[in-house]
$ cat coords.cif   # mmCIF, C-alpha atoms and all ligand atoms
data_structure
loop_
_atom_site.label_atom_id
_atom_site.label_comp_id
_atom_site.auth_asym_id
_atom_site.auth_seq_id
_atom_site.Cartn_x
_atom_site.Cartn_y
_atom_site.Cartn_z
CA MET A 1 118.45 136.73 207.96
CA THR A 2 116.59 138.07 210.96
CA LEU A 3 114.06 140.50 209.61
CA GLY A 4 114.23 144.18 210.55
CA ALA A 5 111.52 146.44 209.19
CA ILE A 6 108.40 144.94 207.62
CA ALA A 7 105.89 146.76 205.43
CA TYR A 8 102.50 145.06 205.30
CA LEU A 9 99.90 145.81 202.63
CA SER A 10 96.38 145.30 203.93
CA GLY A 11 92.71 145.56 203.11
CA GLY A 12 89.64 143.75 204.31
CA VAL A 13 89.07 141.46 207.27
CA GLY A 14 91.63 138.76 206.35
CA GLY A 15 94.39 141.33 205.99
CA ALA A 16 93.63 142.74 209.44
CA ARG A 17 93.65 139.28 211.08
CA LEU A 18 97.12 138.34 209.83
CA LEU A 19 98.40 141.79 210.79
CA ASP A 20 97.14 141.07 214.32
CA GLY A 21 99.20 137.87 214.34
CA LEU A 22 102.29 139.69 213.03
CA ALA A 23 101.91 142.43 215.65
CA ALA A 24 102.06 139.79 218.38
CA GLU A 25 105.32 138.40 216.93
CA LEU A 26 107.19 141.64 216.24
CA GLU A 27 108.29 144.81 217.99
CA PRO A 28 105.80 147.60 217.18
CA SER A 29 108.63 149.64 215.65
CA GLN A 30 109.36 146.84 213.15
CA LEU A 31 105.88 146.73 211.63
CA THR A 32 104.15 149.28 209.41
CA ALA A 33 100.75 148.59 207.88
CA ILE A 34 99.93 150.34 204.60
CA VAL A 35 96.16 150.25 204.47
CA ASN A 36 93.73 150.51 201.54
CA VAL A 37 91.57 153.64 201.39
CA GLY A 38 89.65 152.75 198.22
CA ASP A 39 86.75 151.42 200.34
CA ASP A 40 86.37 154.84 201.98
CA PHE A 41 83.24 156.89 201.35
CA ASP A 42 81.30 159.88 202.64
CA HIS A 43 78.07 158.70 204.21
CA LEU A 44 75.54 160.72 206.25
CA GLY A 45 78.04 163.59 206.31
CA LEU A 46 80.82 161.41 207.77
CA ARG A 47 84.05 160.09 206.23
CA ILE A 48 83.98 156.31 206.66
CA CYS A 49 87.31 154.43 206.35
CA PRO A 50 86.38 150.74 206.71
CA ASP A 51 89.79 149.15 206.13
CA LEU A 52 91.59 151.58 208.45
CA ASP A 53 88.96 150.98 211.15
CA THR A 54 89.01 147.19 210.68
CA VAL A 55 92.79 147.16 211.13
CA MET A 56 92.70 149.58 214.08
CA TYR A 57 89.90 147.77 215.94
CA THR A 58 91.44 144.34 215.29
CA LEU A 59 94.88 145.38 216.58
CA ALA A 60 93.27 147.12 219.56
CA GLY A 61 91.42 143.89 220.38
CA VAL A 62 88.02 145.61 220.22
CA ALA A 63 86.78 144.36 216.85
CA ASP A 64 83.63 142.29 216.55
CA GLU A 65 85.36 138.95 215.89
CA ALA A 66 82.42 137.28 214.18
CA ARG A 67 81.65 140.05 211.68
CA GLY A 68 85.28 141.08 211.28
CA TRP A 69 84.35 144.74 211.03
CA GLY A 70 82.94 147.24 213.51
CA LEU A 71 83.23 147.08 217.29
CA SER A 72 82.34 144.31 219.72
CA THR A 73 79.64 145.07 222.36
CA GLU A 74 78.00 147.42 219.91
CA SER A 75 74.48 148.90 219.76
CA PHE A 76 72.64 150.51 216.86
CA ARG A 77 70.29 153.00 218.57
CA ALA A 78 71.50 155.97 216.51
CA LEU A 79 70.96 153.95 213.33
CA GLU A 80 67.41 153.13 214.44
CA MET A 81 66.69 156.83 214.95
CA LEU A 82 68.28 157.66 211.58
CA GLY A 83 65.92 155.12 210.06
CA SER A 84 62.97 156.92 211.71
CA TYR A 85 64.04 160.01 209.75
CA GLY A 86 64.20 158.02 206.52
CA ALA A 87 68.00 158.08 206.33
CA ASP A 88 69.93 155.24 204.68
CA THR A 89 70.49 152.39 207.15
CA TRP A 90 71.90 149.74 204.77
CA PHE A 91 75.41 150.50 206.06
CA GLN A 92 75.31 149.35 209.69
CA LEU A 93 76.97 152.12 211.72
CA GLY A 94 77.13 151.19 215.40
CA ASP A 95 76.86 153.74 218.22
CA ARG A 96 80.47 153.22 219.40
CA ASP A 97 81.73 153.05 215.80
CA LEU A 98 80.13 156.44 215.19
CA ALA A 99 82.56 157.99 217.68
CA THR A 100 85.43 157.05 215.33
CA HIS A 101 83.70 158.55 212.31
CA LEU A 102 82.82 161.74 214.22
CA MET A 103 86.40 162.20 215.50
CA ARG A 104 87.92 161.51 212.08
CA SER A 105 85.43 163.67 210.15
CA ASN A 106 85.91 166.62 212.52
CA ALA A 107 89.71 166.32 212.34
CA LEU A 108 89.65 166.22 208.53
CA ALA A 109 87.25 169.20 208.46
CA ARG A 110 89.80 171.10 210.58
CA GLY A 111 92.45 170.36 207.93
CA GLN A 112 94.27 167.41 209.55
CA ARG A 113 95.69 164.78 207.21
CA LEU A 114 94.16 161.31 207.27
CA THR A 115 97.63 160.03 208.24
CA GLU A 116 97.64 162.26 211.33
CA VAL A 117 94.13 161.51 212.52
CA THR A 118 94.70 157.77 211.95
CA ALA A 119 97.82 157.93 214.14
CA TYR A 120 95.88 159.86 216.81
CA LEU A 121 92.96 157.39 216.93
CA ALA A 122 95.27 154.33 216.86
CA LYS A 123 97.35 155.74 219.73
CA ALA A 124 94.20 156.48 221.73
CA LEU A 125 93.22 152.79 221.35
CA GLY A 126 96.71 151.60 222.32
CA VAL A 127 97.66 150.23 218.89
CA GLY A 128 101.45 149.73 218.66
CA PRO A 129 102.37 149.25 214.98
CA ARG A 130 102.14 152.22 212.64
CA LEU A 131 98.95 152.34 210.55
CA LEU A 132 99.36 154.36 207.38
CA PRO A 133 96.52 155.16 204.97
CA ALA A 134 97.89 154.51 201.48
CA SER A 135 96.95 158.06 200.47
CA ASP A 136 95.79 161.18 202.30
CA ALA A 137 93.67 162.36 199.40
CA PRO A 138 90.34 160.73 198.63
CA LEU A 139 90.52 157.62 196.46
CA ARG A 140 87.42 155.66 195.41
CA THR A 141 87.14 152.13 194.11
CA ARG A 142 84.18 151.77 191.75
CA ILE A 143 82.75 148.59 190.29
CA ALA A 144 81.65 148.53 186.64
CA THR A 145 78.94 145.87 186.52
CA ARG A 146 77.22 144.12 183.63
CA ASP A 147 73.64 145.00 184.63
CA ALA A 148 73.72 147.79 187.19
CA GLY A 149 76.14 150.32 185.74
CA VAL A 150 79.16 151.69 187.60
CA LEU A 151 78.65 151.45 191.36
CA ASP A 152 80.38 152.94 194.40
CA PHE A 153 82.23 150.21 196.22
CA GLN A 154 80.12 149.99 199.38
CA ASP A 155 76.94 150.27 197.35
CA TRP A 156 78.06 147.19 195.38
CA LEU A 157 79.59 145.22 198.25
CA VAL A 158 77.18 145.95 201.10
CA ARG A 159 73.95 147.40 199.75
CA ARG A 160 73.75 144.99 196.83
CA ARG A 161 75.70 142.21 198.57
CA ALA A 162 78.18 142.00 195.68
CA ALA A 163 75.42 140.44 193.51
CA PRO A 164 75.93 142.51 190.30
CA GLU A 165 78.53 140.75 188.17
CA VAL A 166 81.80 142.65 187.94
CA GLU A 167 83.06 143.68 184.50
CA ALA A 168 85.87 145.97 185.68
CA VAL A 169 87.29 147.61 188.78
CA ARG A 170 88.03 151.32 188.47
CA PHE A 171 89.85 153.77 190.70
CA GLU A 172 88.99 157.45 190.90
CA GLY A 173 90.70 160.25 192.79
CA SER A 174 94.13 160.28 194.36
CA THR A 175 97.10 158.69 192.60
CA ARG A 176 99.53 159.87 195.27
CA ALA A 177 100.89 157.72 198.08
CA THR A 178 101.85 159.61 201.22
CA GLU A 179 105.51 160.40 201.91
CA GLU A 180 105.23 158.17 204.99
CA VAL A 181 104.15 155.21 202.83
CA LEU A 182 107.00 155.70 200.33
CA ALA A 183 109.52 156.03 203.18
CA ALA A 184 108.17 152.91 204.94
CA LEU A 185 108.60 150.92 201.72
CA GLU A 186 112.15 152.27 201.25
CA GLN A 187 113.07 151.25 204.82
CA ALA A 188 111.46 147.80 204.62
CA ASP A 189 113.58 144.64 204.51
CA VAL A 190 110.56 142.74 203.23
CA VAL A 191 107.04 143.48 202.04
CA ILE A 192 104.21 141.17 203.10
CA VAL A 193 100.94 141.26 201.18
CA GLY A 194 98.05 140.13 203.38
CA PRO A 195 95.35 137.61 202.44
CA SER A 196 93.30 140.41 200.91
CA ASN A 197 91.35 140.79 197.70
CA PRO A 198 94.01 141.83 195.15
CA TYR A 199 91.53 143.68 192.91
CA VAL A 200 89.86 145.94 195.49
CA SER A 201 92.22 145.90 198.48
CA ILE A 202 95.79 145.65 197.16
CA ASP A 203 95.63 147.12 193.63
CA PRO A 204 94.35 150.47 195.03
CA ILE A 205 97.65 150.60 196.96
CA LEU A 206 99.99 149.31 194.24
CA ARG A 207 98.66 151.72 191.63
CA LEU A 208 99.76 154.78 193.61
CA GLU A 209 102.80 156.64 192.24
CA GLY A 210 106.08 155.15 193.36
CA VAL A 211 104.57 152.25 195.29
CA ARG A 212 104.94 149.32 192.89
CA GLN A 213 108.53 150.27 192.02
CA ARG A 214 109.47 150.38 195.72
CA VAL A 215 107.63 147.17 196.51
CA GLN A 216 109.25 145.20 193.68
CA ALA A 217 112.72 146.38 194.78
CA ARG A 218 112.25 144.21 197.91
CA PRO A 219 111.46 140.59 198.64
CA VAL A 220 107.66 140.30 198.55
CA VAL A 221 105.69 137.49 200.17
CA ALA A 222 101.94 137.25 199.64
CA VAL A 223 99.47 135.10 201.55
CA SER A 224 96.79 133.63 199.33
CA PRO A 225 93.22 134.77 200.09
CA ILE A 226 91.94 131.79 198.03
CA VAL A 227 91.84 128.34 199.65
CA ASP A 228 91.15 125.31 197.45
CA GLY A 229 89.43 127.52 194.87
CA ARG A 230 87.22 129.34 197.38
CA ALA A 231 87.45 132.73 199.08
CA VAL A 232 87.62 132.66 202.86
CA LYS A 233 85.41 135.76 202.94
CA GLY A 234 83.87 138.11 200.40
CA PRO A 235 83.26 138.08 196.64
CA LEU A 236 86.80 137.27 195.44
CA ALA A 237 86.11 133.72 194.18
CA ARG A 238 83.57 135.13 191.70
CA MET A 239 85.69 138.13 190.76
CA ILE A 240 88.59 135.99 189.50
CA PRO A 241 86.62 134.21 186.73
CA ALA A 242 84.83 137.50 185.91
CA LEU A 243 88.01 139.58 185.69
CA ALA A 244 90.76 137.08 184.86
CA GLY A 245 88.69 134.58 182.88
CA ARG A 246 90.06 131.64 184.83
CA PRO A 247 89.02 129.55 187.85
CA ALA A 248 89.74 130.96 191.31
CA SER A 249 93.01 129.59 192.72
CA ALA A 250 96.09 130.71 194.61
CA GLY A 251 97.88 130.51 191.23
CA ALA A 252 95.42 133.02 189.77
CA ILE A 253 96.28 135.39 192.61
CA ALA A 254 100.01 134.98 191.94
CA SER A 255 99.38 135.63 188.23
CA HIS A 256 97.52 138.83 189.08
CA TYR A 257 100.52 140.15 190.99
CA GLY A 258 102.76 139.38 188.01
CA GLY A 259 106.46 139.18 188.75
CA LEU A 260 106.07 141.06 192.03
CA LEU A 261 106.22 138.02 194.32
CA ALA A 262 109.30 136.20 195.59
CA GLY A 263 107.10 133.80 197.50
CA MET A 264 103.53 132.85 198.24
CA VAL A 265 102.08 131.18 201.32
CA VAL A 266 99.13 128.99 200.39
CA GLU A 267 96.79 126.68 202.27
CA HIS A 268 98.05 123.12 202.83
CA GLY A 269 97.04 121.16 199.74
CA ASP A 270 97.31 124.10 197.32
CA GLU A 271 101.13 123.95 197.00
CA ARG A 272 101.39 121.56 194.06
CA GLU A 273 98.82 123.30 191.84
CA THR A 274 100.31 126.70 192.63
CA SER A 275 103.84 125.50 191.81
CA ARG A 276 102.59 123.88 188.61
CA GLN A 277 101.16 127.25 187.51
CA HIS A 278 104.25 129.15 188.70
CA PRO A 279 107.38 126.92 188.56
CA ASP A 280 109.72 129.77 189.50
CA LEU A 281 107.70 131.02 192.49
CA ALA A 282 108.70 129.87 195.99
CA VAL A 283 105.56 128.32 197.49
CA ARG A 284 105.03 127.41 201.16
CA GLY A 285 102.07 125.57 202.65
CA ALA A 286 100.54 126.74 205.94
CA THR A 287 97.22 126.92 207.75
CA THR A 288 95.97 130.16 206.22
CA VAL A 289 92.37 130.09 207.45
CA MET A 290 92.49 131.93 210.79
CA LYS A 291 89.68 130.79 213.07
CA SER A 292 91.26 131.97 216.32
CA ARG A 293 93.88 134.36 217.60
CA GLY A 294 96.17 131.34 217.99
CA ASP A 295 95.81 130.64 214.27
CA ARG A 296 96.84 134.22 213.54
CA GLY A 297 100.07 133.79 215.48
CA ALA A 298 100.90 130.47 213.85
CA LEU A 299 100.35 131.87 210.36
CA ALA A 300 102.35 134.98 211.21
CA ARG A 301 105.30 132.85 212.37
CA ALA A 302 105.14 130.75 209.20
CA VAL A 303 105.05 133.85 206.98
CA LEU A 304 107.93 135.51 208.86
CA ALA A 305 110.09 132.37 208.66
CA PHE A 306 109.40 132.08 204.93
CA ALA A 307 110.12 135.79 204.36
CA ALA A 308 113.41 135.48 206.27
CA GLU A 309 114.45 132.55 204.04
CA LEU A 310 113.72 134.63 200.94
CA SER A 311 115.55 137.71 202.15
CA PRO A 312 119.20 138.05 201.09
N1 LIG B 1 80.08 145.33 205.80
C1 LIG B 1 78.85 144.78 205.56
O1 LIG B 1 78.77 143.75 204.88
N2 LIG B 1 77.71 145.33 206.09
C2 LIG B 1 77.72 146.46 206.82
O2 LIG B 1 76.66 146.95 207.25
C3 LIG B 1 79.00 147.05 207.11
C4 LIG B 1 79.12 148.20 207.92
C5 LIG B 1 80.40 148.68 208.23
C6 LIG B 1 80.55 149.76 209.11
C7 LIG B 1 81.82 150.23 209.41
C8 LIG B 1 82.95 149.64 208.85
O3 LIG B 1 84.19 150.08 209.17
C9 LIG B 1 82.82 148.53 207.99
C10 LIG B 1 81.55 148.06 207.68
N3 LIG B 1 81.40 146.96 206.81
C11 LIG B 1 80.16 146.44 206.57
C12 LIG B 1 82.59 146.33 206.16
C13 LIG B 1 82.96 147.18 204.96
O4 LIG B 1 82.01 147.02 203.95
C14 LIG B 1 84.37 146.89 204.38
O5 LIG B 1 84.54 147.60 203.24
C15 LIG B 1 84.61 145.39 204.09
O6 LIG B 1 85.00 144.84 205.29
C16 LIG B 1 85.71 145.16 203.06
O7 LIG B 1 86.86 145.84 203.42
#
$ encode --input "coords.cif" --output "structure tokens"
Amino acid sequence: MTLGAIAYLSGGVGGARLLDGLAAELEPSQLTAIVNVGDDFDHLGLRICPDLDTVMYTLAGVADEARGWGLSTESFRALEMLGSYGADTWFQLGDRDLATHLMRSNALARGQRLTEVTAYLAKALGVGPRLLPASDAPLRTRIATRDAGVLDFQDWLVRRRAAPEVEAVRFEGSTRATEEVLAALEQADVVIVGPSNPYVSIDPILRLEGVRQRVQARPVVAVSPIVDGRAVKGPLARMIPALAGRPASAGAIASHYGGLLAGMVVEHGDERETSRQHPDLAVRGATTVMKSRGDRGALARAVLAFAAELSP
């Protein structure tokens, strides 16, 4: 069938890149991104929403392509001055990026919902598809580690470079998805799960009240964030053995999502092993490592074609 409305679950840099490819293939009104807010934190008096900003900057074409987060043509003069005052500088806040955090923090302080201020900022940057924070209320992913206690997410990921071994991932705060998120899932013909870390980018979305039941009522296609046993970016390849007690693989990702998936798009060469682990899962091979904007479009087309085949 030709697909109508698509709900896309996203977190991290890989999720944002495929969303960029999908946005180029679809009408803006067809595509809604439901974005992780478990990475969010309050830092230097500002509310920082890394996954929302990564998606917004990527779709606006202003993201720093090499880093994947933050803005291109950035400077860090404010951060230098903060350092002179002895403030924390381990989280690299750029001068132009600070404008986003100032606008968002002021709007929230005036009582606006995160959903509203996200829509305002995205519109100001000319972003077409709807970007929805998974929840309006604060939600925090925390990492229980073997040797360093329970850490805030950015402290673990950025400050400590994900070195402390993970024993468990915990979520604190909001358990409520927004009404907009629940409605977007109800109106979706298909749900696409981006090539994101399932533990810290997608689980914080699925665990919200009413989300998993609405997602599993629709055809769900996930794109594997693991290629030939390795993570394209980030700590995922080490988290799978630590948390699932098995080697990193696309099959391990499918197992983590349980019976949620109708299909999985994996890197060429990973099809056979994934199908061996999951005989009843539809598996499609594609080029899932996106090195260019052209790659994003090609992967988006492959995912959309596969999703259309799986939709009744
Ligand atoms: N990731 C880093 O590894 N180092 C940083 O200094 C850093 C700063 C930063 C500033 C704004 C922002 O929106 C994201 C930033 N990130 C940084 C990425 C952030 O840690 C995200 O949580 C990851 O991209 C995973 O989603």
$ residues_near_ligand --input "coords.cif" --ligand "ligand LIG 1 (chain B)" --cutoff "6 Å" --atoms "only C-alpha atoms and all ligand atoms" --output "list in words"
Gly11, Gly12, Val13, Asp39, Pro50, Asp51, Asp53, Thr54, Trp69, Gly70, Phe91, Gln92, Leu93, Gln154 and Val158 of chain A
$ atom_distance --input "coords.cif" --atom1 "CA of Ser196 in chain A" --atom2 "CA of Asn106 in chain A"
29.6 Å
$ residues_around --input "coords.cif" --residues "range 242-254 of chain A" --least-positions-apart "4" --cutoff "10 Å" --atoms "all atoms listed in the file" --output "JSON, numbers by chain"
{"A": [165, 166, 167, 168, 169, 197, 198, 199, 222, 223, 224, 225, 226, 227, 228, 229, 230, 231, 236, 237, 238, 258, 259, 260, 261, 263, 264, 265, 266, 267, 270, 271, 273, 274, 275, 276, 277, 278, 281]}
$ atom_distance --input "coords.cif" --atom1 "CA of Gly94 in chain A" --atom2 "CA of Leu125 in chain A"
17.2 Å
$ closest_residue --input "coords.cif" --among "A:Gly68, A:Leu22, A:Val55, A:Ala144" --to "Leu121 in chain A" --atoms "only C-alpha atoms"
A:Val55
$ residues_around --input "coords.cif" --residues "Ala119 in chain A" --least-positions-apart "4" --cutoff "12 Å" --atoms "only C-alpha atoms" --output "list in words"
Thr32, Ala33, Leu52, Asp53, Met56, Arg104, Ala107, Gln112, Arg113, Leu114, Thr115, Lys123, Ala124, Leu125, Gly126, Val127, Gly128, Pro129, Arg130, Leu131, Leu132, Pro133 and Glu180 of chain A
$ write_last_selection --input "coords.cif" --atoms "C-alpha atoms" --output "mmCIF file, in the frame of the given file"
data_model
loop_
_atom_site.group_PDB
_atom_site.id
_atom_site.type_symbol
_atom_site.label_atom_id
_atom_site.label_comp_id
_atom_site.auth_asym_id
_atom_site.auth_seq_id
_atom_site.Cartn_x
_atom_site.Cartn_y
_atom_site.Cartn_z
ATOM 1 C CA THR A 32 104.150 149.280 209.410
ATOM 2 C CA ALA A 33 100.750 148.590 207.880
ATOM 3 C CA LEU A 52 91.590 151.580 208.450
ATOM 4 C CA ASP A 53 88.960 150.980 211.150
ATOM 5 C CA MET A 56 92.700 149.580 214.080
ATOM 6 C CA ARG A 104 87.920 161.510 212.080
ATOM 7 C CA ALA A 107 89.710 166.320 212.340
ATOM 8 C CA GLN A 112 94.270 167.410 209.550
ATOM 9 C CA ARG A 113 95.690 164.780 207.210
ATOM 10 C CA LEU A 114 94.160 161.310 207.270
ATOM 11 C CA THR A 115 97.630 160.030 208.240
ATOM 12 C CA LYS A 123 97.350 155.740 219.730
ATOM 13 C CA ALA A 124 94.200 156.480 221.730
ATOM 14 C CA LEU A 125 93.220 152.790 221.350
ATOM 15 C CA GLY A 126 96.710 151.600 222.320
ATOM 16 C CA VAL A 127 97.660 150.230 218.890
ATOM 17 C CA GLY A 128 101.450 149.730 218.660
ATOM 18 C CA PRO A 129 102.370 149.250 214.980
ATOM 19 C CA ARG A 130 102.140 152.220 212.640
ATOM 20 C CA LEU A 131 98.950 152.340 210.550
ATOM 21 C CA LEU A 132 99.360 154.360 207.380
ATOM 22 C CA PRO A 133 96.520 155.160 204.970
ATOM 23 C CA GLU A 180 105.230 158.170 204.990
#
$ atom_distance --input "coords.cif" --atom1 "CA of Gly294 in chain A" --atom2 "CA of Leu26 in chain A"
15.2 Å
$ closest_residue --input "coords.cif" --among "A:Ser311, A:Thr145, A:Ser255, A:Thr287" --to "Gly269 in chain A" --atoms "only C-alpha atoms"
A:Thr287
$ residues_around --input "coords.cif" --residues "Ser174 in chain A" --least-positions-apart "5" --cutoff "6 Å" --atoms "only C-alpha atoms" --output "PyMOL selection string"
chain A and resi 137-139
$ closest_residue --input "coords.cif" --among "A:Val232, A:Val181, A:Leu151, A:Val303" --to "Val211 in chain A" --atoms "only C-alpha atoms"
A:Val181
$ decode --input "coords.cif" --residues "range 19-45 of chain A" --atoms "N, CA and C atoms" --output "PDB file, in the first residue's frame"
ATOM      1  N   LEU A  19      15.976  10.190   9.738  1.00  0.00           N
ATOM      2  CA  LEU A  19      14.807  11.080   9.685  1.00  0.00           C
ATOM      3  C   LEU A  19      15.000  12.129   8.592  1.00  0.00           C
ATOM      4  N   ASP A  20      16.210  12.628   8.453  1.00  0.00           N
ATOM      5  CA  ASP A  20      16.522  13.620   7.411  1.00  0.00           C
ATOM      6  C   ASP A  20      16.253  13.019   6.031  1.00  0.00           C
ATOM      7  N   GLY A  21      16.651  11.760   5.855  1.00  0.00           N
ATOM      8  CA  GLY A  21      16.395  11.082   4.572  1.00  0.00           C
ATOM      9  C   GLY A  21      14.911  10.892   4.335  1.00  0.00           C
ATOM     10  N   LEU A  22      14.178  10.513   5.378  1.00  0.00           N
ATOM     11  CA  LEU A  22      12.721  10.309   5.252  1.00  0.00           C
ATOM     12  C   LEU A  22      12.025  11.627   4.928  1.00  0.00           C
ATOM     13  N   ALA A  23      12.489  12.704   5.557  1.00  0.00           N
ATOM     14  CA  ALA A  23      11.847  14.019   5.333  1.00  0.00           C
ATOM     15  C   ALA A  23      11.986  14.448   3.878  1.00  0.00           C
ATOM     16  N   ALA A  24      13.075  14.019   3.236  1.00  0.00           N
ATOM     17  CA  ALA A  24      13.279  14.395   1.826  1.00  0.00           C
ATOM     18  C   ALA A  24      12.399  13.550   0.899  1.00  0.00           C
ATOM     19  N   GLU A  25      11.898  12.408   1.412  1.00  0.00           N
ATOM     20  CA  GLU A  25      11.086  11.518   0.566  1.00  0.00           C
ATOM     21  C   GLU A  25       9.589  11.730   0.756  1.00  0.00           C
ATOM     22  N   LEU A  26       9.200  12.377   1.842  1.00  0.00           N
ATOM     23  CA  LEU A  26       7.778  12.420   2.211  1.00  0.00           C
ATOM     24  C   LEU A  26       7.276  13.863   2.284  1.00  0.00           C
ATOM     25  N   GLU A  27       5.942  13.992   2.216  1.00  0.00           N
ATOM     26  CA  GLU A  27       5.346  15.303   2.505  1.00  0.00           C
ATOM     27  C   GLU A  27       5.523  15.582   3.998  1.00  0.00           C
ATOM     28  N   PRO A  28       5.821  16.830   4.368  1.00  0.00           N
ATOM     29  CA  PRO A  28       5.994  17.136   5.804  1.00  0.00           C
ATOM     30  C   PRO A  28       4.814  16.654   6.658  1.00  0.00           C
ATOM     31  N   SER A  29       3.599  16.765   6.089  1.00  0.00           N
ATOM     32  CA  SER A  29       2.406  16.404   6.877  1.00  0.00           C
ATOM     33  C   SER A  29       2.315  14.903   7.130  1.00  0.00           C
ATOM     34  N   GLN A  30       3.081  14.109   6.355  1.00  0.00           N
ATOM     35  CA  GLN A  30       3.021  12.641   6.535  1.00  0.00           C
ATOM     36  C   GLN A  30       3.875  12.159   7.696  1.00  0.00           C
ATOM     37  N   LEU A  31       4.855  12.995   8.106  1.00  0.00           N
ATOM     38  CA  LEU A  31       5.938  12.489   8.958  1.00  0.00           C
ATOM     39  C   LEU A  31       5.952  13.175  10.321  1.00  0.00           C
ATOM     40  N   THR A  32       5.850  12.374  11.364  1.00  0.00           N
ATOM     41  CA  THR A  32       5.954  12.904  12.735  1.00  0.00           C
ATOM     42  C   THR A  32       7.081  12.179  13.450  1.00  0.00           C
ATOM     43  N   ALA A  33       8.008  12.947  14.009  1.00  0.00           N
ATOM     44  CA  ALA A  33       9.100  12.357  14.776  1.00  0.00           C
ATOM     45  C   ALA A  33       8.757  12.443  16.257  1.00  0.00           C
ATOM     46  N   ILE A  34       8.845  11.297  16.936  1.00  0.00           N
ATOM     47  CA  ILE A  34       8.655  11.245  18.394  1.00  0.00           C
ATOM     48  C   ILE A  34      10.046  11.078  18.979  1.00  0.00           C
ATOM     49  N   VAL A  35      10.497  12.095  19.695  1.00  0.00           N
ATOM     50  CA  VAL A  35      11.922  12.204  20.023  1.00  0.00           C
ATOM     51  C   VAL A  35      12.177  11.965  21.514  1.00  0.00           C
ATOM     52  N   ASN A  36      13.233  11.232  21.793  1.00  0.00           N
ATOM     53  CA  ASN A  36      13.639  10.918  23.168  1.00  0.00           C
ATOM     54  C   ASN A  36      13.973  12.200  23.950  1.00  0.00           C
ATOM     55  N   VAL A  37      13.547  12.218  25.201  1.00  0.00           N
ATOM     56  CA  VAL A  37      13.888  13.342  26.091  1.00  0.00           C
ATOM     57  C   VAL A  37      14.636  12.847  27.337  1.00  0.00           C
ATOM     58  N   GLY A  38      15.020  11.568  27.318  1.00  0.00           N
ATOM     59  CA  GLY A  38      15.734  11.031  28.488  1.00  0.00           C
ATOM     60  C   GLY A  38      17.168  11.536  28.612  1.00  0.00           C
ATOM     61  N   ASP A  39      17.701  12.076  27.473  1.00  0.00           N
ATOM     62  CA  ASP A  39      19.062  12.647  27.491  1.00  0.00           C
ATOM     63  C   ASP A  39      19.063  14.058  28.069  1.00  0.00           C
ATOM     64  N   ASP A  40      17.849  14.616  28.251  1.00  0.00           N
ATOM     65  CA  ASP A  40      17.767  16.038  28.635  1.00  0.00           C
ATOM     66  C   ASP A  40      18.350  16.231  30.029  1.00  0.00           C
ATOM     67  N   PHE A  41      18.900  17.417  30.276  1.00  0.00           N
ATOM     68  CA  PHE A  41      19.350  17.738  31.630  1.00  0.00           C
ATOM     69  C   PHE A  41      19.425  19.240  31.812  1.00  0.00           C
ATOM     70  N   ASP A  42      19.454  19.654  33.068  1.00  0.00           N
ATOM     71  CA  ASP A  42      19.581  21.079  33.415  1.00  0.00           C
ATOM     72  C   ASP A  42      21.054  21.337  33.700  1.00  0.00           C
ATOM     73  N   HIS A  43      21.615  22.278  32.953  1.00  0.00           N
ATOM     74  CA  HIS A  43      23.077  22.485  33.012  1.00  0.00           C
ATOM     75  C   HIS A  43      23.317  23.995  32.943  1.00  0.00           C
ATOM     76  N   LEU A  44      24.064  24.515  33.902  1.00  0.00           N
ATOM     77  CA  LEU A  44      24.366  25.960  33.946  1.00  0.00           C
ATOM     78  C   LEU A  44      23.074  26.794  33.909  1.00  0.00           C
ATOM     79  N   GLY A  45      22.021  26.249  34.519  1.00  0.00           N
ATOM     80  CA  GLY A  45      20.766  27.005  34.594  1.00  0.00           C
ATOM     81  C   GLY A  45      19.931  26.923  33.327  1.00  0.00           C
TER      82      GLY A  45
END
